[in-house]
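Presented below is the structure to which this report refers.
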Amino acid sequence: MTAAGAVVRPRLPRVVRAEWTKLRTLPVNGWTLLAAVGLTWAVSAATVSGLDPASCPSGRGCDLDITQATLAGVYLGQVAVVLLAVLVVTTEYDTRTIHSTLAATPNRAAVLAAKLAVVSAAVLPAAVLAVAGPLLAGRLWLPGNGFTRAAGYPPISLADGPTGRAFLGSVLYLSLLALFGAGVAVIVRHSAAAISTMLAVLLVPAIVAGLMSDDRWRDRLLELAPMTAGLSVQVTKRLDTLPIGPWAGLGVLAGYAAGAVVLGAVLFLRRDA
Amino acid sequence: MTADTLSRTAAPLPPADRDRFGRLLRAEWTKLTSIRSTAIILLLTIGLTIMVSLLSVSGSQTSGGSGPTYRDRFHFVHRTLTGDGSITARVGAQADSQEWAKAGVMIKAAETPGARYAALMVTPRHGVRWQADFALPDTAGSSGGAPRWLRITRAGQLLTGEESADGLAWTRVGSSTLVLPRAVEIGLFVTSPGIFKVVKHGNSTTAGPDETVGRATFDNVAARTGAGTPAPGSWRDEDVGGSGRGADAGGPGLPDGFTPPVPGTSTETGGVFTVTGSGDIGGVSPEDEQGGDDTVMNSLSGVQIGLIVIAVLGVLFATSEYKTGIIRSTFAADPRRVRVFTAKAAVVWAVAFGCGLVASVAAFLISQPTLHRNGFRPPAYPYRSLTEWPVLRAVVGTALFLAVFALFGLAVGTILRRAATAITLVVAVVLVPQLIASNLSLEASKWVNRATPLAGLAIQQTRHRFDTPIGPWAGFAVLCAWAVATLALAFWLLRRRDA
């Protein structure tokens, strides 16, 4: 940073503390995070209990990606994460608190940085909990369902490379999604519009892809859309059938998040609140 | 429809009150139409529905109608007959390998697939059948299966099929006139169609018939010439139409999880023939082509995106009143809250229905030329018109579907009173289960399409497919149940809570 950095640095911790207090003291934020964890667990539990090695045909055709299936709850949990990230930003606009915030701290870059930092700090532990729970449940539960080592399914273990990647990747996925959501919220400044935009950008390509019959265009869509590309990080088997590689896919989501945050920052610094 | 709803709600009220409900309606109408975002949302609904529908049909291809219009694959034990004559046999037993497995006697111009023929057969579940030259429909005989005596007699160009329980008293099943060469192949045949199966393998789903093997025993087999003497020659046997699926599917190799085809066999011991075979014989109508595309449903599929937008309209119509505090003025003007919200619901329903009708009619009409270009043409895919019944139900039903979704949004918005949470909840309930299920198993997807509000999409069906989860009206009723339940909760909360 340049000369301005010298002025910013001593104030930043206080700005972060202020933002943290705002986030912490709104009960809805705690509930939303709890919902993110709980919904992920619930959907994953339902999925795990329904997995059956006999459900697919005999022979080598039956090669379920149990790690990916176990993490199915992230589809629902992510909605709560996005809601939290969007609301942390837009509630200030809905209630006009943003005017007081900017009056107290005219350094907008610090305010935005602090907001993004507290959102990430709140989401990260929740994401770890949300993702670790199902994997642990899968490890304990699936052998009893017939997914034994003898049947070709070693127990889920983070020491296994692809499973470790799925775990780390899912945590990063949720965290990046929070930054993406916050960025879009800064750009849009309106709760309903921001959440609609985010959910549409995440879910609509996946639905549209399901309706498309041209494989080439479908794969193009799946590798460019933030959710479908980002969630490919959860896949541990038959990576060659994916339209985009696991880390590359997460990179696509990171690109969206970075783009939204940068555009949001530019607008935040330039616009009237 | 709107008028009907209104008169029913307003009927018990005295004239003065009816007037006031009319005024309430006008008030809500003004509120809805004076918001700029309403117009944007309605245009988005129409635009997205049409665009996504077009996108989904533009990439679709079919070879339907260009392939053969018949199936002809079976195991044939035969000898050559010159001139008139007959083939008689008693089918002693038939394995129930498939409900339409076939075992019987046949006269065929040549042992090549597609050659003219007449066949009389027993089936495990559909009794005795008479087929001639792939004509549809075939003729049904008695309803019993094996054991049964069967006989086909050729007299010039007239072929007659008869059946009997004891070999003494014969009943005619059917007769046909066929132009046949002088020398024809006569004999016994066994075949068994595949059982439709869906296999999920990794990320891809394969659907198709899975091979079954039919087996039957024949005794009292007699091939006679017109003079009543045994036909000369000896029995030969072979798989007509090849032994593999390649012959009638012409597709790539066998997908994982499907049974590889087994060549047919025949053995004879002491006059008893045991024959096995796979395949099917008969004409193919587009309707029984399993897995055939529902082109009407495909041309309306954009509504799966349109429904999100229209639900947002419903949500915002409720929550914007709370956000701006207008709700207090609204209730001050008319304290009967349920009536106020009934008017709100009626207005949002009517607007969503009108907008949905524009979207679905346009999506249907715009998609048709593209579908025709992509090969969805008669005879496999007859042209569909808006005036025929299942199409009309699908198109108008799509508008109804959107209208009920708007009501669902309105109810959730009223319950939660915050736009962001309400929109999130609607999307989570509607879209997320579908996404999760499509990654799991076909069975899970079926349940999602039976139990979640998306079940309402069933109203677009115009063709029964192997993956049809629920009937059209039942599915629509599931959606209505969701809407009614949330509306009931919304009305209850409206009366109980402070605004």
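Within each chain, counting starts at residue 1; across the structure tokens, chains are named A, B, ... in the order shown, with ligands numbered 1 upward in that order.
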Sel. of helix (DSSP H, G or I) residues, segment 279-331 of chain B, as a PyMOL selection string | chain B and resi 286-288+295-299+303-324+326-331
Got a sec to pull out which chain B residues are within 9 Å of chain A, counting only C-alpha atoms, and send them as a ChimeraX atom specification?
-> /B:52-53,55-61,199-203,256-258,298,301-302,304-305,308-309,312,316,323,418-425,427-428,431-436,438-441
Please identify all polymer residues within 8 Å of Gln461 of chain B, counting only C-alpha atoms, omitting same-chain residues fewer than 4 positions from it, and present them as a PyMOL selection string.
-> chain B and resi 294+296-297+390+394+457+472
Any idea what's packed within 10 Å of Leu168 of chain B, counting only C-alpha atoms, ignoring anything in its chain fewer than 4 positions away? Could you give it as a ChimeraX atom specification?
-> /B:149,163-164
Work out how far atom CA of Arg384 of chain B is from atom CA of Thr295 of chain B, in Å to one decimal.
->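 Straight-line distance from atom CA of Thr295 of chain B to atom CA of Arg384 of chain B works out to 8.7 Å.
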Polymer residues at most 10 Å from Val89 of chain A, only C-alpha atoms, same-chain spacing of 2 or more positions, as a PyMOL selection string | chain A and resi 23+84-87+91-94+98+112+115-116+119+181-191+194
Among listed residues B:Phe21, B:Trp170, B:Phe353, B:Phe218, nearest Gly104 of chain B (using only C-alpha atoms) |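 For Gly104 of chain B, the nearest of the given residues is B:Phe218.
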Near Ser176 of chain B, within 9 Å and counting only C-alpha atoms, which residues show up once chain neighbours fewer than 5 positions away are dropped, as number ranges by chain?
-> B: 118, 131-132, 157-161
Expected file: the selected residues, C-alpha atoms, as a PDB file, in the first residue's frame:
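Dumped to result_37.pdb:
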```pdb
ATOM      1  CA  ALA B 118     -47.969 -64.600 -40.851  1.00  0.00           C
ATOM      2  CA  GLN B 131     -49.896 -61.290 -36.714  1.00  0.00           C
ATOM      3  CA  ALA B 132     -49.564 -60.719 -40.426  1.00  0.00           C
ATOM      4  CA  GLN B 157     -52.517 -66.213 -50.925  1.00  0.00           C
ATOM      5  CA  LEU B 158     -54.863 -66.790 -48.034  1.00  0.00           C
ATOM      6  CA  LEU B 159     -53.291 -67.580 -44.683  1.00  0.00           C
ATOM      7  CA  THR B 160     -55.493 -68.723 -41.804  1.00  0.00           C
ATOM      8  CA  GLY B 161     -54.521 -69.113 -38.152  1.00  0.00           C
TER       9      GLY B 161
END
```
For atom CA of Gly277 of chain B and atom CA of Val240 of chain B, the interatomic separation in Å (one decimal) =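 Answer for the atom CA of Gly277 of chain B to atom CA of Val240 of chain B separation: 9.7 Å.
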For the atom pair atom CA of Ala39 of chain B and atom CA of Leu365 of chain B, what is the interatomic distance in Å to one decimal place?
->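 These atoms are spaced 23.1 Å apart.
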With a distance cut-off of 8 Å and only C-alpha atoms, select the neighbouring residues of Arg108 of chain A, excluding the residue or stretch itself and same-chain residues fewer than 4 positions from it, and output the selection as a count of residues only.
-> 4
Using only C-alpha atoms, the best pick from A:Val37, A:Val266, A:Met227, A:Val201 as closest to Val252 of chain A would be A:Met227
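The residue that comes closest to Cys355 of chain B, out of B:Thr177, B:Thr269, B:Thr49, B:Thr112 and on the basis of only C-alpha atoms, is B:Thr49.
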